[in-house]
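Undergrad: Structure provided below as structure tokens; questions to follow.
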Amino acid sequence: MPRISVKMIMILFIILLLAGCNGPTQTEVGLAAGEVVATVAETAVTPIVPTPVTNNTFDCAAVTEIPTAECQALVAFYQAANGPAWVDQTGWLATNTPCSWYGVTCAGNHVDTLALFFNNLQGPLPAALADLPGLRVLDLHNNALTGAIPPEISRLANLVQLDLSVNQLNGALPTILGDLPALEWLTLPYNQLSGPIPAEIGKIATLRNLDLSYNQLGGAIPESLADTALETIRLRDNQLAGSIPFGLGQLAALSEIDLSFNQLTGSAPSALFQVPIHRLWGNQLDGTIFVGENGRQDVNFLGATFTFDQAAGDSVWPELVPARPAEPGPGMMWAPPEHIVFTFAYNSSPQEHAPLGLYLPPEAQIHIYPAAGLNEEVQPIVAALQQLLADQPDAALFENFLTDGAAEQLGLTMLPPSNAVQTLRAQAAYLSFAEGQGIRYLTQLSQGPVPISNQDLFYTFQGLTDDGATYVAAYFPVTLPALPDSPQLSEAEWETLMEDWQGYLAQTLTLLDEQPASAFTPDLAALDAVINSLSVAGTTAVPTLQPIWPENEESVDSQPVLQWETFPGAVNYHVIVLDDAAFPPQVVIDQTVSEPLLAVEQPLAPGHYSWTVWAQDAETAVLAQLNSAFYVKDVLEPVAPADGAAVSPEPVLQWQSYLGAVTYQVIVVDDAAFPPVVVLDQTTTDTSLVVTPPLKPGSYTWTVWAFDGSYKLLAELDSSFNVASTP
């Protein structure tokens with residue numbers, strides 16, 4: 001009998017052991033055996049005795065609370081993600097109860113959740129994760145995972161939440177993600193994913209939250225996303241191009257959509273502007289105001305005007321934000337009325353500032369509110385600011401910081417209200433704009449002691465028009481080289497900071513106040529110039545200009561003559577006509593006239609139109625405004641008789657049916673009479689009518705009007721016939 005070495009015995013033992021673990025593949029056996037051989041070779045004379053579990057081997061056969069294959073999947077995951085280097089690896093490969101391992105929870109004898117975020121996971125995601133068929137939550141955000149998302153992940157039929165955000169994953173999004181039938185959360189921001197967004201994601205009817213922000217994804221936004229149950233869509237800071245799919249605006253439960261900082265073009269679906277949180281700036285969408293070739297640009301939107309340069313941003317996104325109901329939550333109830341918002345964006349990259357409170361994005365913004373529309377909880381803020389601007393105390397009084405006696409601190413609050421407090425205020429100064437004044441300063445919001453950093457510092461202006469009718473709030477993130485970029489501190493640094501928190505704030509306040517305006521980015525003087533250039537005169541209500549013809553919603557021919565009342569002091573009238581049937585609505589007339597009428601020269605297609613007239617003085621200031629609508633009727637085609645045909649004294653009049661028509665009104669006029677006489681005026685739901693009693697010889701005109709259910713005139717027929725003399 002040949003001699004068997006200790007080394008050979010150990011190899012056979014390992015192979016038999018692995019063979020008992022629910023039958024791994026040949027490849028798995030080979031790899032596992034090879035790994036152990038390398039270990040045993042170093043200590044070949046060690047007696048064969050049961051060894052405690054280590055980071056290199058684990059006996060899944062001894063595990064009873066989950067299937068062996070799931071245990072093996074966890075072991076493979078631990079090894080692939082460099083488990084020994086994890087921040088917390090409690091229990092992993094050290095006990096025979098995987099359901100107690102850190103980050104693992106089980107349900108029904110299966111692994112239900114794998115949550116190991118902020119845990120220094122490294123390396124690629126192993127395909128073995130697919131051997132966790134009961135997995136509902138895979139949450140591995142904020143680690144150092146690399147490589148592509150394995151396609152085998154599509155086998156996780158019960159997966160509800162997939163969060164791999166803030167890692168170093170690359171490659172394309174697997175199309176097989178669309179094969180996850182239960183998925184509700186797909187969260188993959190802050191990676192290096194590239195290629196298109198697979199249209200197959202739209203197959204996930206259960207998908208409620210999609211976050212693919214801060215990647216390198218390109219191509220178009222799939223229209224198939226409209227087939228999901230999405231409530232949140234975040235695709236910010238990618239390279240997406242093309243238009244925004246119309247269907248996204250039709251998602252019934254959508255409460256947030258962020259498509260900012262891509263390369264999107266065309267018009268945004270109007271329904272998206274009704275979504276409570278919608279961020280569309282930083283694209284090439286229609287309506288974006290880009291800085292001019294000279295580095296400056298004038299803005300005029302709904303009567304609010306200002307001038308900005310590249311210090312403030314490369315483009316401005318203006319919009320009229322609809323009113324929002326009050327939302328329950330911490331702090332003040334905030335129910336903003338309809339108001340104007342200007343958002344400033346840089347082409348180079350999005351701002352990296354933290355959100356400036358509960359109601360603001362990271363980007364710079366100017367908000368213009370009608371003060372009377374602000375809710376009762378906010379009105380004391382308005383009154384306090386109005387009193388402050390009337391008294392004008394020394395602005396330096398506001399340059400302070402949060403003390404232990406916070407209640408005694410000067411309480412200059414801001415709109416929108418925040419769920420945090422102002423840690424300090426620096427660089428305070430009064431500024432004026434065309435119709436009013438306000439106060440600007442630098443501040444940082446927080447909910448507890450944190451360092452003052454470039455991630456959080458911002459410039460704000462809070463102002464009122466002199467008549468108190470309009471509230472202006474501006475926010476511009478700013479940085480200073482002398483400040484840290486982020487508030488992240490080590491434990492030792494944090495302890496040092498807290499030893500003299502008040503002293504630290506006092507020193508930082510002095511540092512900020514001693515800096516010249518040019519030391520900050522953007523230059524504070526450039527931001528002041530934006531505020532100084534602001535005018536909100538055009539945002540106040542103006543008198544109504546009354547129409548003469550057509551009346552509101554009246555049906556007209558394709559070339560109507562629009563008429564309105566003369567307004568005292570008006571030098572000219574600016575007329576805009578919109579084709580409401582187009583998507584988005586298109587301007588078909590944009591003309592200025594000196595008389596209170598405009599004859600439409602180019603025939604308008606049938607459909608619904610809105611028209612607006614601004615009565616302007618010599619300086620083009622708006623004195624009065626008209627807003628109305630009309631409907632251009634279509635042509636209703638006759639069937640019989642032909643125009644001018646000879647007919648019997650009791651002719652049958654026939655016409656084509658018209659889509660949407662409910663009733664038809666038929667009028668026959670005897671043209672031979674003077675004046676012409678109506679011989680028939682009858683309503684029918686059919687598309688034919690027998691004329692009775694018999695008509696006498698002569699020429700007749702017949703007209704048919706097609707009406708919808710609300711009696712709106714949709715189409716009109718005009719024709720004629722002759723009744724011959726009896727021989």
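We name chains A, B, ... following the order of the structure tokens; residues begin at 1 in each chain, and ligands are numbered from 1 as shown.
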Run DSSP on the backbone of this structure and report the residues of range 444-554 of chain A it assigns to strand (DSSP E or B), as a list in words.
TA: Gln444, Leu445, Ser446, Phe458, Tyr459, Thr460, Phe461, Gln462, Gly463, Leu464, Thr465, Thr470, Tyr471, Val472, Ala473, Ala474, Tyr475, Phe476, Pro477, Thr479, Thr521, Ser535, Thr544, Pro547, Ile548, Trp549 and Glu554 of chain A
Undergrad: So that I have them on file, write out the residues from the current selection with C-alpha atoms, as an mmCIF file, in the first residue's frame.
TA:
```
data_model
loop_
_atom_site.group_PDB
_atom_site.id
_atom_site.type_symbol
_atom_site.label_atom_id
_atom_site.label_comp_id
_atom_site.auth_asym_id
_atom_site.auth_seq_id
_atom_site.Cartn_x
_atom_site.Cartn_y
_atom_site.Cartn_z
ATOM 1 C CA GLN A 444 -24.563 78.673 8.267
ATOM 2 C CA LEU A 445 -27.476 76.512 9.368
ATOM 3 C CA SER A 446 -27.104 73.537 11.669
ATOM 4 C CA PHE A 458 -23.883 80.880 2.327
ATOM 5 C CA TYR A 459 -24.830 84.496 1.585
ATOM 6 C CA THR A 460 -28.440 85.483 2.173
ATOM 7 C CA PHE A 461 -30.478 88.618 1.518
ATOM 8 C CA GLN A 462 -33.846 89.174 3.186
ATOM 9 C CA GLY A 463 -35.763 92.216 1.942
ATOM 10 C CA LEU A 464 -39.127 93.892 1.474
ATOM 11 C CA THR A 465 -40.545 96.419 -0.934
ATOM 12 C CA THR A 470 -43.376 91.807 -1.769
ATOM 13 C CA TYR A 471 -40.825 89.755 0.183
ATOM 14 C CA VAL A 472 -37.459 88.996 -1.465
ATOM 15 C CA ALA A 473 -35.187 86.193 -0.204
ATOM 16 C CA ALA A 474 -31.868 85.304 -1.853
ATOM 17 C CA TYR A 475 -29.364 82.501 -1.158
ATOM 18 C CA PHE A 476 -25.903 82.156 -2.691
ATOM 19 C CA PRO A 477 -23.437 79.472 -1.500
ATOM 20 C CA THR A 479 -16.558 79.670 -0.022
ATOM 21 C CA THR A 521 -16.125 82.988 -4.077
ATOM 22 C CA SER A 535 -36.787 95.181 -9.673
ATOM 23 C CA THR A 544 -57.676 94.150 -15.954
ATOM 24 C CA PRO A 547 -61.891 92.353 -24.191
ATOM 25 C CA ILE A 548 -64.492 93.522 -26.743
ATOM 26 C CA TRP A 549 -64.344 90.558 -29.121
ATOM 27 C CA GLU A 554 -66.102 82.130 -28.070
#
```
Undergrad: Tell me which protein, DNA and RNA residues are within 10 Å of Ala582 in chain A, counting only C-alpha atoms, leaving out same-chain ones fewer than 4 positions away, and put them as a list in words.
TA: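 The filter keeps Leu578, Gln586, Val587, Gly607, His608 and Tyr609 of chain A.
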Undergrad: Within 7 Å of range 279-296 of chain A, counting only C-alpha atoms, which residues show up once you throw out same-chain ones fewer than 4 positions away? Write them as a PyMOL selection string, please.
TA: chain A and resi 257-268+308-310+314-317+345+347
Undergrad: How many Å lie between CA of Gly219 in chain A and CA of Glu184 in chain A, rounded to one decimal?
TA: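 According to the coordinates, CA of Gly219 in chain A and CA of Glu184 in chain A are separated by 23.7 Å.
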Undergrad: Which polymer residues have any atom within 7 Å of an atom of Asp131 in chain A, counting only C-alpha atoms, with same-chain residues fewer than 6 positions away left out, as a VMD selection string?
TA: chain A and resid 69 to 70 73
Undergrad: What separation in Å, quoted to one decimal, exists between CA of Gly709 in chain A and CA of Phe630 in chain A?
TA: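 Taking CA of Gly709 in chain A as the start and CA of Phe630 in chain A as the end point, the length is 17.1 Å.
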Undergrad: Val478 in chain A: which residues within 12 Å, counting only C-alpha atoms, same-chain residues fewer than 4 positions away excluded, as a CSV table (one decimal) with C-alpha atoms, in the first residue's frame?
TA:
```
chain,number,residue,atom,x,y,z
A,311,ALA,CA,-19.7,85.3,-10.8
A,312,ALA,CA,-23.3,84.3,-9.9
A,351,GLN,CA,-22.8,73.0,-6.2
A,352,GLU,CA,-21.4,70.7,-3.5
A,353,HIS,CA,-23.0,72.6,-0.7
A,354,ALA,CA,-25.3,70.9,1.7
A,356,LEU,CA,-29.6,75.2,3.0
A,362,PRO,CA,-27.8,73.4,-2.9
A,363,GLU,CA,-27.9,75.9,-5.7
A,364,ALA,CA,-28.2,79.7,-5.4
A,441,TYR,CA,-25.2,88.5,5.7
A,442,LEU,CA,-23.2,85.3,5.7
A,443,THR,CA,-24.5,82.4,7.8
A,444,GLN,CA,-24.6,78.7,8.3
A,452,ILE,CA,-18.1,76.4,9.9
A,453,SER,CA,-17.1,75.0,6.5
A,454,ASN,CA,-17.3,75.8,2.8
A,455,GLN,CA,-19.8,73.0,2.4
A,456,ASP,CA,-22.4,74.9,4.5
A,457,LEU,CA,-21.6,78.7,4.4
A,458,PHE,CA,-23.9,80.9,2.3
A,459,TYR,CA,-24.8,84.5,1.6
A,460,THR,CA,-28.4,85.5,2.2
A,483,LEU,CA,-12.3,77.6,5.9
A,485,ASP,CA,-14.1,72.3,2.7
A,512,LEU,CA,-15.1,86.1,8.3
A,517,ALA,CA,-15.5,91.0,-0.3
A,518,SER,CA,-13.2,89.7,-3.0
A,519,ALA,CA,-11.7,87.0,-0.7
A,520,PHE,CA,-15.0,85.0,-1.1
A,521,THR,CA,-16.1,83.0,-4.1
A,522,PRO,CA,-18.3,84.4,-5.5
A,523,ASP,CA,-17.2,87.9,-4.8
A,524,LEU,CA,-19.7,89.4,-2.3
A,526,ALA,CA,-20.8,90.7,-7.4
A,527,LEU,CA,-23.7,89.2,-5.4
```
Undergrad: Mind checking which residues fall within 10 Å of Thr508 in chain A, counting only C-alpha atoms, ignoring those fewer than 5 positions away in the same chain, and posting them as a VMD selection string?
TA: chain A and resid 401 424 426 451 to 452 482 to 483 502 to 503 513 to 514
